[in-house]
$ cat input_17.pdb   # PDB, C-alpha atoms
ATOM      1  CA  MET A   1      45.061  20.672  63.146
ATOM      2  CA  ASP A   2      45.022  18.022  60.529
ATOM      3  CA  PRO A   3      44.125  19.622  57.178
ATOM      4  CA  ALA A   4      42.676  16.362  55.930
ATOM      5  CA  SER A   5      39.891  16.437  58.473
ATOM      6  CA  SER A   6      39.297  20.134  59.008
ATOM      7  CA  GLY A   7      35.971  19.966  57.226
ATOM      8  CA  ILE A   8      34.991  21.212  53.831
ATOM      9  CA  GLN A   9      37.106  24.076  52.633
ATOM     10  CA  GLU A  10      36.723  23.828  48.904
ATOM     11  CA  PRO A  11      34.719  21.879  46.319
ATOM     12  CA  PHE A  12      37.060  18.925  46.054
ATOM     13  CA  ASP A  13      36.710  18.300  49.774
ATOM     14  CA  LEU A  14      33.057  17.546  49.126
ATOM     15  CA  ILE A  15      34.050  14.891  46.630
ATOM     16  CA  ARG A  16      36.588  13.482  49.056
ATOM     17  CA  LEU A  17      33.788  12.843  51.534
ATOM     18  CA  SER A  18      31.991  10.756  48.882
ATOM     19  CA  LEU A  19      34.817   8.231  48.437
ATOM     20  CA  SER A  20      33.467   4.669  48.697
ATOM     21  CA  GLU A  21      29.950   6.099  48.525
ATOM     22  CA  ARG A  22      27.531   6.016  45.627
ATOM     23  CA  VAL A  23      27.604   9.243  43.630
ATOM     24  CA  PHE A  24      25.630  10.740  40.793
ATOM     25  CA  VAL A  25      27.659  12.132  37.910
ATOM     26  CA  LYS A  26      26.294  14.335  35.150
ATOM     27  CA  LEU A  27      28.322  14.244  31.954
ATOM     28  CA  ARG A  28      28.462  16.169  28.721
ATOM     29  CA  GLY A  29      26.641  14.561  25.836
ATOM     30  CA  ASP A  30      23.327  13.998  27.644
ATOM     31  CA  ARG A  31      24.630  11.232  29.896
ATOM     32  CA  GLU A  32      24.398  10.488  33.589
ATOM     33  CA  LEU A  33      26.060   7.899  35.771
ATOM     34  CA  THR A  34      25.609   6.515  39.223
ATOM     35  CA  GLY A  35      28.407   4.464  40.711
ATOM     36  CA  VAL A  36      30.577   3.920  43.763
ATOM     37  CA  LEU A  37      33.432   6.405  43.782
ATOM     38  CA  HIS A  38      36.875   4.915  44.365
ATOM     39  CA  ALA A  39      39.256   7.501  42.970
ATOM     40  CA  TYR A  40      39.414  10.983  41.543
ATOM     41  CA  ASP A  41      42.079  13.532  40.729
ATOM     42  CA  GLY A  42      42.425  17.256  40.119
ATOM     43  CA  HIS A  43      41.123  16.918  36.556
ATOM     44  CA  MET A  44      37.932  15.282  37.880
ATOM     45  CA  ASN A  45      38.997  12.031  36.281
ATOM     46  CA  LEU A  46      36.997   9.395  38.202
ATOM     47  CA  ILE A  47      37.114   5.681  38.823
ATOM     48  CA  LEU A  48      33.724   4.212  39.683
ATOM     49  CA  SER A  49      32.466   0.691  40.252
ATOM     50  CA  ASP A  50      29.009  -0.859  39.900
ATOM     51  CA  VAL A  51      28.082   1.837  37.410
ATOM     52  CA  GLU A  52      24.746   2.469  35.762
ATOM     53  CA  GLU A  53      24.855   4.820  32.784
ATOM     54  CA  THR A  54      21.764   6.618  31.522
ATOM     55  CA  ILE A  55      21.862   8.055  28.004
ATOM     56  CA  VAL A  56      19.173  10.364  26.675
ATOM     57  CA  ILE A  57      18.143   9.501  23.142
ATOM     58  CA  VAL A  58      15.998  11.539  20.827
ATOM     59  CA  GLU A  59      13.961   9.633  18.302
ATOM     60  CA  HIS A  60      13.032  11.867  15.454
ATOM     61  CA  ALA A  61      11.550  10.620  12.221
ATOM     62  CA  ASP A  62      12.247  12.773   9.170
ATOM     63  CA  GLY A  63       9.280  14.916   8.281
ATOM     64  CA  VAL A  64       7.878  14.845  11.800
ATOM     65  CA  PRO A  65       7.865  18.297  13.407
ATOM     66  CA  GLU A  66      10.504  18.673  16.084
ATOM     67  CA  GLY A  67       7.992  19.121  18.854
ATOM     68  CA  GLN A  68       6.757  15.578  18.355
ATOM     69  CA  ALA A  69      10.101  13.870  18.645
ATOM     70  CA  THR A  70      10.230  11.378  21.484
ATOM     71  CA  VAL A  71      12.850  11.451  24.169
ATOM     72  CA  ASN A  72      13.930   8.091  25.529
ATOM     73  CA  VAL A  73      16.558   6.844  27.909
ATOM     74  CA  ALA A  74      18.890   3.884  27.486
ATOM     75  CA  LYS A  75      20.623   2.326  30.462
ATOM     76  CA  ARG A  76      23.804   0.319  30.653
ATOM     77  CA  LYS A  77      25.725  -1.311  33.479
ATOM     78  CA  VAL A  78      29.489  -1.527  33.826
ATOM     79  CA  ASP A  79      31.501  -3.139  36.657
ATOM     80  CA  MET A  80      34.458  -0.773  36.746
ATOM     81  CA  LEU A  81      34.775   2.454  34.811
ATOM     82  CA  PHE A  82      37.327   5.213  34.342
ATOM     83  CA  VAL A  83      35.655   8.509  33.410
ATOM     84  CA  ARG A  84      37.730  11.264  31.842
ATOM     85  CA  GLY A  85      37.386  14.497  33.759
ATOM     86  CA  ASP A  86      36.836  16.832  30.839
ATOM     87  CA  GLY A  87      33.431  15.254  30.256
ATOM     88  CA  VAL A  88      32.248  15.700  33.835
ATOM     89  CA  ILE A  89      29.753  18.456  34.568
ATOM     90  CA  LEU A  90      28.935  17.633  38.178
ATOM     91  CA  VAL A  91      29.405  15.038  40.917
ATOM     92  CA  SER A  92      26.980  14.746  43.787
ATOM     93  CA  PRO A  93      25.440  12.304  46.271
ATOM     94  CA  PRO A  94      22.555  10.447  44.569
ATOM     95  CA  SER A  95      19.280  12.344  44.667
ATOM     96  CA  ARG A  96      16.947  11.215  47.399
ATOM     97  CA  THR A  97      13.504  10.807  45.851
TER      98      THR A  97
ATOM     99  CA  MET B  98      65.068   1.267  33.167
ATOM    100  CA  ASP B  99      63.690  -0.688  30.175
ATOM    101  CA  SER B 100      60.357  -1.081  31.909
ATOM    102  CA  LEU B 101      59.856   2.696  31.821
ATOM    103  CA  ILE B 102      60.109   2.957  28.041
ATOM    104  CA  PRO B 103      56.482   2.071  27.251
ATOM    105  CA  PHE B 104      55.055   4.719  29.536
ATOM    106  CA  THR B 105      55.737   7.766  27.428
ATOM    107  CA  THR B 106      54.092   9.126  24.311
ATOM    108  CA  SER B 107      57.331   8.520  22.469
ATOM    109  CA  GLY B 108      57.487   4.965  23.745
ATOM    110  CA  SER B 109      53.979   4.263  22.476
ATOM    111  CA  LEU B 110      54.708   5.553  18.996
ATOM    112  CA  VAL B 111      58.278   4.522  18.337
ATOM    113  CA  ASP B 112      57.429   1.239  16.631
ATOM    114  CA  CYS B 113      54.946   2.959  14.301
ATOM    115  CA  VAL B 114      57.605   4.951  12.464
ATOM    116  CA  ASP B 115      58.034   4.082   8.757
ATOM    117  CA  ARG B 116      54.779   2.143   8.888
ATOM    118  CA  LYS B 117      51.560   2.778   7.031
ATOM    119  CA  MET B 118      49.201   4.372   9.539
ATOM    120  CA  LEU B 119      45.586   5.433   9.619
ATOM    121  CA  VAL B 120      45.058   8.829  11.255
ATOM    122  CA  VAL B 121      41.584   9.916  12.300
ATOM    123  CA  LEU B 122      41.303  13.664  12.794
ATOM    124  CA  ARG B 123      38.885  15.594  14.963
ATOM    125  CA  ASP B 124      37.143  17.039  11.917
ATOM    126  CA  GLY B 125      36.243  13.495  10.898
ATOM    127  CA  ARG B 126      38.810  13.086   8.136
ATOM    128  CA  LYS B 127      40.574   9.758   7.706
ATOM    129  CA  LEU B 128      44.094   9.888   6.365
ATOM    130  CA  GLN B 129      46.426   7.040   5.525
ATOM    131  CA  GLY B 130      50.126   7.541   5.107
ATOM    132  CA  VAL B 131      53.577   6.502   6.240
ATOM    133  CA  LEU B 132      54.451   7.878   9.652
ATOM    134  CA  ARG B 133      57.858   9.474   9.403
ATOM    135  CA  SER B 134      58.095  11.458  12.611
ATOM    136  CA  TYR B 135      56.269  12.413  15.804
ATOM    137  CA  ASP B 136      56.870  14.217  19.070
ATOM    138  CA  GLN B 137      55.559  14.227  22.641
ATOM    139  CA  PHE B 138      52.458  16.217  21.602
ATOM    140  CA  ALA B 139      51.594  13.571  19.001
ATOM    141  CA  ASN B 140      52.356  16.092  16.233
ATOM    142  CA  LEU B 141      52.928  13.841  13.205
ATOM    143  CA  VAL B 142      54.674  13.841   9.851
ATOM    144  CA  LEU B 143      52.780  11.656   7.408
ATOM    145  CA  GLU B 144      54.218  10.958   3.967
ATOM    146  CA  ASP B 145      52.431   9.811   0.792
ATOM    147  CA  THR B 146      49.148  10.526   2.454
ATOM    148  CA  VAL B 147      45.784   9.681   0.947
ATOM    149  CA  GLU B 148      42.497  10.909   2.307
ATOM    150  CA  ARG B 149      39.754   8.298   2.325
ATOM    151  CA  ILE B 150      36.023   8.755   2.365
ATOM    152  CA  TYR B 151      33.517   5.987   2.990
ATOM    153  CA  TYR B 152      29.883   5.521   2.092
ATOM    154  CA  ARG B 153      28.044   2.237   2.619
ATOM    155  CA  ASP B 154      30.068  -0.508   0.859
ATOM    156  CA  PHE B 155      32.266   1.908  -1.035
ATOM    157  CA  PHE B 156      35.332   3.983  -0.421
ATOM    158  CA  ALA B 157      37.336   6.509  -2.424
ATOM    159  CA  GLU B 158      40.823   7.950  -2.139
ATOM    160  CA  ALA B 159      42.481  11.249  -2.975
ATOM    161  CA  TRP B 160      46.254  11.652  -2.864
ATOM    162  CA  LYS B 161      47.279  14.526  -0.619
ATOM    163  CA  GLY B 162      51.045  14.198  -0.227
ATOM    164  CA  LEU B 163      53.071  15.267   2.786
ATOM    165  CA  PHE B 164      51.344  16.324   5.996
ATOM    166  CA  LEU B 165      52.472  17.864   9.233
ATOM    167  CA  ILE B 166      49.576  17.281  11.607
ATOM    168  CA  ARG B 167      49.176  19.163  14.874
ATOM    169  CA  GLY B 168      48.719  16.680  17.699
ATOM    170  CA  GLU B 169      45.660  18.294  19.250
ATOM    171  CA  ASN B 170      43.679  17.420  16.120
ATOM    172  CA  VAL B 171      44.470  13.723  16.260
ATOM    173  CA  VAL B 172      41.794  11.312  17.493
ATOM    174  CA  LEU B 173      43.594   8.076  16.890
ATOM    175  CA  LEU B 174      46.454   6.473  15.051
ATOM    176  CA  GLY B 175      45.892   2.979  13.745
ATOM    177  CA  GLU B 176      48.518   0.586  12.521
ATOM    178  CA  VAL B 177      47.273  -0.760   9.208
ATOM    179  CA  ASP B 178      47.590  -4.518   8.937
ATOM    180  CA  LEU B 179      48.542  -5.033   5.290
ATOM    181  CA  ASP B 180      47.076  -8.557   5.274
ATOM    182  CA  LYS B 181      43.798  -7.544   6.882
ATOM    183  CA  GLU B 182      43.566  -4.716   4.363
ATOM    184  CA  ASP B 183      43.099  -7.194   1.520
ATOM    185  CA  ASP B 184      40.147  -8.735   3.305
ATOM    186  CA  VAL B 185      38.220  -5.506   3.667
ATOM    187  CA  PRO B 186      34.931  -6.030   1.760
ATOM    188  CA  LEU B 187      34.632  -2.503   0.402
ATOM    189  CA  ARG B 188      34.784  -1.510  -3.240
ATOM    190  CA  GLN B 189      36.840   1.412  -4.441
ATOM    191  CA  VAL B 190      35.160   4.016  -6.634
ATOM    192  CA  PRO B 191      36.380   7.353  -8.039
ATOM    193  CA  TRP B 192      36.626  10.243  -5.571
ATOM    194  CA  GLU B 193      34.347  12.593  -7.524
ATOM    195  CA  GLU B 194      31.618   9.971  -7.606
ATOM    196  CA  LEU B 195      31.540   9.311  -3.872
ATOM    197  CA  LEU B 196      32.138  12.827  -2.606
ATOM    198  CA  PRO B 197      28.546  14.077  -2.914
ATOM    199  CA  TYR B 198      27.207  11.054  -0.976
ATOM    200  CA  HIS B 199      29.835  11.479   1.687
ATOM    201  CA  ARG B 200      29.025  15.175   2.069
ATOM    202  CA  GLN B 201      25.325  14.398   2.197
ATOM    203  CA  GLU B 202      25.898  11.906   5.014
ATOM    204  CA  ILE B 203      27.868  14.465   7.009
ATOM    205  CA  ALA B 204      25.215  17.145   6.504
ATOM    206  CA  ALA B 205      22.475  14.724   7.590
ATOM    207  CA  LYS B 206      24.404  13.799  10.722
ATOM    208  CA  LYS B 207      24.918  17.456  11.575
ATOM    209  CA  LYS B 208      21.221  18.147  11.092
ATOM    210  CA  ARG B 209      20.284  15.228  13.361
ATOM    211  CA  GLU B 210      22.565  16.574  16.075
ATOM    212  CA  GLU B 211      21.031  20.031  15.778
ATOM    213  CA  VAL B 212      17.513  18.640  15.966
ATOM    214  CA  LYS B 213      18.448  16.548  18.974
ATOM    215  CA  ALA B 214      19.932  19.539  20.789
ATOM    216  CA  GLN B 215      16.832  21.591  20.017
ATOM    217  CA  VAL B 216      14.439  18.884  21.201
ATOM    218  CA  LEU B 217      16.354  18.324  24.415
ATOM    219  CA  PHE B 218      16.470  22.055  24.961
ATOM    220  CA  GLU B 219      12.720  22.431  24.516
ATOM    221  CA  GLN B 220      11.505  19.283  26.210
ATOM    222  CA  LYS B 221      14.026  18.688  28.962
ATOM    223  CA  GLY B 222      15.628  22.042  29.535
ATOM    224  CA  PHE B 223      19.078  20.769  28.500
ATOM    225  CA  CYS B 224      21.332  23.631  27.607
ATOM    226  CA  LYS B 225      22.681  23.715  24.066
ATOM    227  CA  GLU B 226      26.348  23.025  24.341
ATOM    228  CA  GLY B 227      27.161  24.324  20.891
ATOM    229  CA  GLY B 228      29.786  21.655  20.355
ATOM    230  CA  GLU B 229      33.451  22.229  19.758
ATOM    231  CA  GLY B 230      33.295  21.852  16.013
ATOM    232  CA  ASP B 231      34.317  18.238  16.407
ATOM    233  CA  GLY B 232      33.152  16.268  13.415
ATOM    234  CA  TYR B 233      34.536  12.870  14.282
TER     235      TYR B 233
ATOM    236  CA  MET C 234      49.748  10.806  38.575
ATOM    237  CA  LEU C 235      47.271   8.626  40.409
ATOM    238  CA  ILE C 236      45.181   7.612  37.405
ATOM    239  CA  PHE C 237      48.340   7.205  35.321
ATOM    240  CA  SER C 238      49.636   4.797  37.980
ATOM    241  CA  VAL C 239      46.383   2.826  37.923
ATOM    242  CA  PHE C 240      46.615   2.403  34.172
ATOM    243  CA  LYS C 241      50.226   1.330  34.406
ATOM    244  CA  THR C 242      49.187  -1.558  36.662
ATOM    245  CA  LEU C 243      46.588  -2.614  34.086
ATOM    246  CA  THR C 244      48.950  -3.137  31.145
ATOM    247  CA  ASP C 245      48.345  -6.438  29.331
ATOM    248  CA  GLN C 246      44.717  -6.450  30.499
ATOM    249  CA  LYS C 247      41.751  -6.326  28.169
ATOM    250  CA  VAL C 248      39.960  -2.974  28.346
ATOM    251  CA  THR C 249      37.286  -1.206  26.351
ATOM    252  CA  VAL C 250      37.883   2.412  25.425
ATOM    253  CA  GLU C 251      34.849   4.475  24.506
ATOM    254  CA  LEU C 252      35.647   7.624  22.590
ATOM    255  CA  LYS C 253      33.642  10.824  22.710
ATOM    256  CA  ASN C 254      32.294  10.053  19.237
ATOM    257  CA  ASP C 255      30.735   6.824  20.575
ATOM    258  CA  LEU C 256      33.333   4.564  18.925
ATOM    259  CA  SER C 257      34.067   1.657  21.278
ATOM    260  CA  ILE C 258      37.328  -0.242  20.939
ATOM    261  CA  THR C 259      38.257  -3.332  22.964
ATOM    262  CA  GLY C 260      41.889  -4.327  23.097
ATOM    263  CA  VAL C 261      44.858  -5.227  25.234
ATOM    264  CA  LEU C 262      46.279  -2.208  27.040
ATOM    265  CA  LYS C 263      49.901  -2.106  25.981
ATOM    266  CA  SER C 264      50.924   1.336  27.089
ATOM    267  CA  VAL C 265      49.776   4.573  28.645
ATOM    268  CA  ASP C 266      51.482   7.920  29.129
ATOM    269  CA  GLN C 267      51.112  10.904  31.460
ATOM    270  CA  PHE C 268      48.430  12.437  29.220
ATOM    271  CA  LEU C 269      46.509   9.153  29.463
ATOM    272  CA  ASN C 270      47.089   8.534  25.758
ATOM    273  CA  ILE C 271      46.432   4.811  25.310
ATOM    274  CA  ARG C 272      48.046   2.184  23.139
ATOM    275  CA  LEU C 273      45.838  -0.847  22.449
ATOM    276  CA  ASP C 274      46.821  -4.061  20.678
ATOM    277  CA  LYS C 275      44.674  -6.703  18.985
ATOM    278  CA  ILE C 276      41.718  -4.403  18.794
ATOM    279  CA  GLU C 277      38.088  -5.245  18.144
ATOM    280  CA  VAL C 278      35.836  -2.417  17.135
ATOM    281  CA  PHE C 279      32.225  -2.486  18.316
ATOM    282  CA  ASP C 280      29.797  -2.015  15.400
ATOM    283  CA  GLU C 281      32.585  -2.151  12.844
ATOM    284  CA  ALA C 282      30.214  -1.483   9.966
ATOM    285  CA  ARG C 283      29.672   2.054  11.207
ATOM    286  CA  HIS C 284      33.417   2.640  11.315
ATOM    287  CA  PRO C 285      34.729   0.973   8.137
ATOM    288  CA  HIS C 286      38.044   2.822   8.288
ATOM    289  CA  MET C 287      38.964   0.683  11.306
ATOM    290  CA  MET C 288      38.566  -2.641   9.491
ATOM    291  CA  ALA C 289      42.227  -3.155   8.638
ATOM    292  CA  VAL C 290      43.620  -1.839  11.911
ATOM    293  CA  LYS C 291      44.982  -4.245  14.515
ATOM    294  CA  ASN C 292      46.773  -1.891  16.921
ATOM    295  CA  CYS C 293      46.145   1.743  17.691
ATOM    296  CA  PHE C 294      47.242   4.767  19.674
ATOM    297  CA  ILE C 295      44.354   6.762  21.106
ATOM    298  CA  ARG C 296      44.825  10.358  22.174
ATOM    299  CA  GLY C 297      43.791  10.796  25.783
ATOM    300  CA  SER C 298      41.729  13.900  25.107
ATOM    301  CA  VAL C 299      39.213  12.011  22.936
ATOM    302  CA  VAL C 300      38.456   9.335  25.521
ATOM    303  CA  ARG C 301      35.091   9.383  27.303
ATOM    304  CA  TYR C 302      35.359   6.150  29.314
ATOM    305  CA  VAL C 303      37.655   3.207  29.810
ATOM    306  CA  GLN C 304      35.965   0.028  31.051
ATOM    307  CA  LEU C 305      38.380  -1.712  33.395
ATOM    308  CA  PRO C 306      38.572  -5.332  34.563
ATOM    309  CA  ALA C 307      37.068  -5.110  38.054
ATOM    310  CA  GLU C 308      39.062  -8.078  39.338
ATOM    311  CA  HIS C 309      42.340  -6.235  38.709
ATOM    312  CA  VAL C 310      41.366  -3.073  40.519
ATOM    313  CA  ASP C 311      41.903  -2.859  44.261
ATOM    314  CA  THR C 312      39.273  -0.345  45.277
ATOM    315  CA  GLN C 313      40.466  -0.053  48.856
ATOM    316  CA  LEU C 314      43.983   0.722  47.685
ATOM    317  CA  LEU C 315      42.597   3.263  45.233
ATOM    318  CA  GLU C 316      40.598   5.062  47.899
ATOM    319  CA  ASP C 317      43.565   5.209  50.263
ATOM    320  CA  ALA C 318      45.816   6.498  47.494
ATOM    321  CA  THR C 319      43.239   9.111  46.538
ATOM    322  CA  ARG C 320      42.965  10.348  50.111
ATOM    323  CA  ARG C 321      46.748  10.491  50.373
ATOM    324  CA  GLU C 322      47.109  12.379  47.121
ATOM    325  CA  ALA C 323      44.343  14.767  48.180
ATOM    326  CA  ALA C 324      45.975  15.408  51.554
ATOM    327  CA  ALA C 325      49.482  15.726  50.127
ATOM    328  CA  GLN C 326      48.430  18.225  47.513
ATOM    329  CA  GLY C 327      46.686  20.202  50.182
ATOM    330  CA  LYS C 328      44.114  21.234  47.642
ATOM    331  CA  ARG C 329      42.167  18.372  46.102
TER     332      ARG C 329
END

$ encode --input "input_17.pdb" --output "structure tokens"
Amino acid sequence: MDPASSGIQEPFDLIRLSLSERVFVKLRGDRELTGVLHAYDGHMNLILSDVEETIVIVEHADGVPEGQATVNVAKRKVDMLFVRGDGVILVSPPSRT
Amino acid sequence: MDSLIPFTTSGSLVDCVDRKMLVVLRDGRKLQGVLRSYDQFANLVLEDTVERIYYRDFFAEAWKGLFLIRGENVVLLGEVDLDKEDDVPLRQVPWEELLPYHRQEIAAKKKREEVKAQVLFEQKGFCKEGGEGDGY
Amino acid sequence: MLIFSVFKTLTDQKVTVELKNDLSITGVLKSVDQFLNIRLDKIEVFDEARHPHMMAVKNCFIRGSVVRYVQLPAEHVDTQLLEDATRREAAAQGKR
């Protein structure tokens, strides 16, 4: 019985199955990434390639009531990215919409 | 064995000792002083330290003396290039003059962050993280 | 150890470190340690006007815990090797 292929036993096994696949990563600070997962470790440090980052921005003019502030997204692409694990909230296969 | 020297905290900091260094702290403070000592946690001893505040094209300094800084509060350590320092296009003004503007800028930034968290909470269902008190 | 090893192979390469406070610094990776503290030389700060305290700084030591991202040179990263090493480390540790 090879422990490496005995199926999913714990959360990190799920990530292991996503190696070389595109994943969706939700980060602290209102950011999200999609990228191809090449490496991870026990801290959830990640190395991703072909990354697209989405940042949520709030545009709020002074004097305008909070409810009327606009929420926008900004996107950015990076070829190869190391992501520090302490900022990672979740890692999952990209949503199928 | 020489090739292993750079890959330790000590190895990274050894050539900064007795040099004028900029230290940015997690609460947003910027200190400049001579690095006298450090350890593997990046705890630092900084001598002849001044705290600097910046606002637009101006800066101000206050002499603070000798610091022992706990490593977990350090954001970055910068080696000050004494030649580049002369080229910096900022004008020095007295500390008491600049302090209110500096404080105002910090308060405004904090307010913006709070508003942003509130808006995202209401409009997008983002949970309010509450922050870690990091002001940098 | 895996990520530490990756960074060790990237010394003398140009990288961009983005801190959690949105400060972006590009420089030559001179050193890294087990905590992923980073030493950068010949730095350029993105949007220097917003970070005037960095104007006279040419080299810096960045504490690992304040890093959000490090942009790596794709041509110096062997993704196949990385994936194999990750699988090995995961299997060896028996947990992750």

$ residues_around --input "input_17.pdb" --residues "range 114-125 of chain B" --least-positions-apart "6" --cutoff "7 Å" --atoms "all atoms listed in the file" --output "list of chain:residue names"
B:Val131, B:Leu132, B:Arg133, B:Ser134, B:Asn170, B:Val171, B:Val172, B:Leu173, B:Leu174, B:Gly175, B:Glu176, B:Val177, B:Asp231, B:Gly232, B:Tyr233

$ closest_residue --input "input_17.pdb" --among "A:Ile57, A:Leu14, A:Leu19, A:Val25" --to "chain C" --atoms "only C-alpha atoms"
A:Leu19

$ residues_around --input "input_17.pdb" --residues "Ile295 in chain C" --least-positions-apart "6" --cutoff "12 Å" --atoms "all atoms listed in the file" --output "number ranges by chain"
B: 106, 109-110, 119-122, 139, 168-176; C: 249-253, 256-260, 262-266, 268-274, 276, 301, 303

$ closest_atom_pairs --input "input_17.pdb" --of "chain A" --to "chain C" --cutoff "7 Å" --atoms "all atoms listed in the file" --output "tab-separated table"
residue	atom	partner	partner_atom	distance
A:Ala4	CA	C:Ala324	CA	5.6
A:Phe12	CA	C:Arg329	CA	5.1
A:Asp13	CA	C:Arg329	CA	6.6
A:Leu19	CA	C:Glu316	CA	6.6
A:His38	CA	C:Glu316	CA	5.1
A:Ala39	CA	C:Thr319	CA	5.6
A:Tyr40	CA	C:Thr319	CA	6.6
A:Gly42	CA	C:Arg329	CA	6.1
A:Asp79	CA	C:Ala307	CA	6.1
A:Met80	CA	C:Ala307	CA	5.2
A:Leu81	CA	C:Gln304	CA	4.6
A:Phe82	CA	C:Val303	CA	5.0
A:Val83	CA	C:Tyr302	CA	4.7
A:Arg84	CA	C:Arg301	CA	5.6
A:Gly87	CA	C:Arg301	CA	6.8

$ resolve_selection --input "input_17.pdb" --expression "the ChimeraX specification (/A :<9) & /B" --output "list of chain:residue names"
B:Arg209, B:Val212, B:Lys213, B:Ala214, B:Gln215, B:Val216, B:Leu217, B:Glu219, B:Gln220, B:Lys221, B:Phe223, B:Glu226

$ write_last_selection --input "input_17.pdb" --atoms "C-alpha atoms" --output "PDB file, keeping the file's coordinate frame"
ATOM      1  CA  ARG B 209      20.284  15.228  13.361  1.00  0.00           C
ATOM      2  CA  VAL B 212      17.513  18.640  15.966  1.00  0.00           C
ATOM      3  CA  LYS B 213      18.448  16.548  18.974  1.00  0.00           C
ATOM      4  CA  ALA B 214      19.932  19.539  20.789  1.00  0.00           C
ATOM      5  CA  GLN B 215      16.832  21.591  20.017  1.00  0.00           C
ATOM      6  CA  VAL B 216      14.439  18.884  21.201  1.00  0.00           C
ATOM      7  CA  LEU B 217      16.354  18.324  24.415  1.00  0.00           C
ATOM      8  CA  GLU B 219      12.720  22.431  24.516  1.00  0.00           C
ATOM      9  CA  GLN B 220      11.505  19.283  26.210  1.00  0.00           C
ATOM     10  CA  LYS B 221      14.026  18.688  28.962  1.00  0.00           C
ATOM     11  CA  PHE B 223      19.078  20.769  28.500  1.00  0.00           C
ATOM     12  CA  GLU B 226      26.348  23.025  24.341  1.00  0.00           C
TER      13      GLU B 226
END

$ atom_distance --input "input_17.pdb" --atom1 "CA of Asp255 in chain C" --atom2 "CA of Leu187 in chain B"
22.6 Å

$ axis_aligned_box --input "input_17.pdb" --around "range 241-250 of chain C" --padding-each-side "6 Å" --output "JSON"
{"center_x": 43.8, "center_y": -2.0, "center_z": 31.0, "size_x": 24.9, "size_y": 20.9, "size_z": 23.2}

$ resolve_selection --input "input_17.pdb" --expression "the PyMOL selection byres ((chain A and resi 85) around 6)" --output "number ranges by chain"
A: 43-45, 84, 86-88

$ resolve_selection --input "input_17.pdb" --expression "the PyMOL selection byres ((chain A and resi 35) around 7)" --output "list in words"
Arg22, Val23, Phe24, Leu33, Thr34, Val36, Leu37, Leu48, Ser49, Asp50, Val51 and Glu52 of chain A

$ closest_residue --input "input_17.pdb" --among "B:Gln129, B:Gln189, B:Asn140, B:Thr105" --to "chain C" --atoms "only C-alpha atoms"
B:Thr105

$ closest_residue --input "input_17.pdb" --among "A:Ser20, A:Lys77, A:Asp41, A:Glu32" --to "Ile55 in chain A" --atoms "all atoms listed in the file"
A:Glu32

$ atom_distance --input "input_17.pdb" --atom1 "CA of Ser18 in chain A" --atom2 "CA of Arg76 in chain A"
22.5 Å

$ atom_distance --input "input_17.pdb" --atom1 "CA of Arg167 in chain B" --atom2 "CA of Val142 in chain B"
9.2 Å

$ closest_residue --input "input_17.pdb" --among "B:Glu193, B:Glu182, B:Asp154, B:Glu210" --to "chain C" --atoms "only C-alpha atoms"
B:Glu182

$ build_atoms --input "input_17.pdb" --residues "range 177-184 of chain B" --atoms "N, CA, C and O atoms" --output "PDB file, in the frame of the given file"
ATOM      1  N   VAL B 177      47.995  -0.008  10.228  1.00  0.00           N
ATOM      2  CA  VAL B 177      47.273  -0.760   9.208  1.00  0.00           C
ATOM      3  C   VAL B 177      47.913  -2.123   9.021  1.00  0.00           C
ATOM      4  O   VAL B 177      49.114  -2.226   8.757  1.00  0.00           O
ATOM      5  N   ASP B 178      47.114  -3.156   9.153  1.00  0.00           N
ATOM      6  CA  ASP B 178      47.590  -4.518   8.937  1.00  0.00           C
ATOM      7  C   ASP B 178      47.449  -4.812   7.454  1.00  0.00           C
ATOM      8  O   ASP B 178      46.332  -4.930   6.939  1.00  0.00           O
ATOM      9  N   LEU B 179      48.590  -4.919   6.745  1.00  0.00           N
ATOM     10  CA  LEU B 179      48.542  -5.033   5.290  1.00  0.00           C
ATOM     11  C   LEU B 179      47.826  -6.304   4.824  1.00  0.00           C
ATOM     12  O   LEU B 179      47.252  -6.337   3.743  1.00  0.00           O
ATOM     13  N   ASP B 180      47.815  -7.339   5.644  1.00  0.00           N
ATOM     14  CA  ASP B 180      47.076  -8.557   5.274  1.00  0.00           C
ATOM     15  C   ASP B 180      45.576  -8.360   5.461  1.00  0.00           C
ATOM     16  O   ASP B 180      44.772  -8.691   4.598  1.00  0.00           O
ATOM     17  N   LYS B 181      45.217  -7.778   6.599  1.00  0.00           N
ATOM     18  CA  LYS B 181      43.798  -7.544   6.882  1.00  0.00           C
ATOM     19  C   LYS B 181      43.200  -6.600   5.850  1.00  0.00           C
ATOM     20  O   LYS B 181      42.006  -6.659   5.551  1.00  0.00           O
ATOM     21  N   GLU B 182      44.051  -5.713   5.307  1.00  0.00           N
ATOM     22  CA  GLU B 182      43.566  -4.716   4.363  1.00  0.00           C
ATOM     23  C   GLU B 182      42.983  -5.379   3.124  1.00  0.00           C
ATOM     24  O   GLU B 182      42.024  -4.897   2.533  1.00  0.00           O
ATOM     25  N   ASP B 183      43.583  -6.500   2.708  1.00  0.00           N
ATOM     26  CA  ASP B 183      43.099  -7.194   1.520  1.00  0.00           C
ATOM     27  C   ASP B 183      41.740  -7.835   1.746  1.00  0.00           C
ATOM     28  O   ASP B 183      41.012  -8.098   0.800  1.00  0.00           O
ATOM     29  N   ASP B 184      41.418  -8.080   3.001  1.00  0.00           N
ATOM     30  CA  ASP B 184      40.147  -8.735   3.305  1.00  0.00           C
ATOM     31  C   ASP B 184      38.990  -7.762   3.455  1.00  0.00           C
ATOM     32  O   ASP B 184      37.860  -8.175   3.633  1.00  0.00           O
TER      33      ASP B 184
END
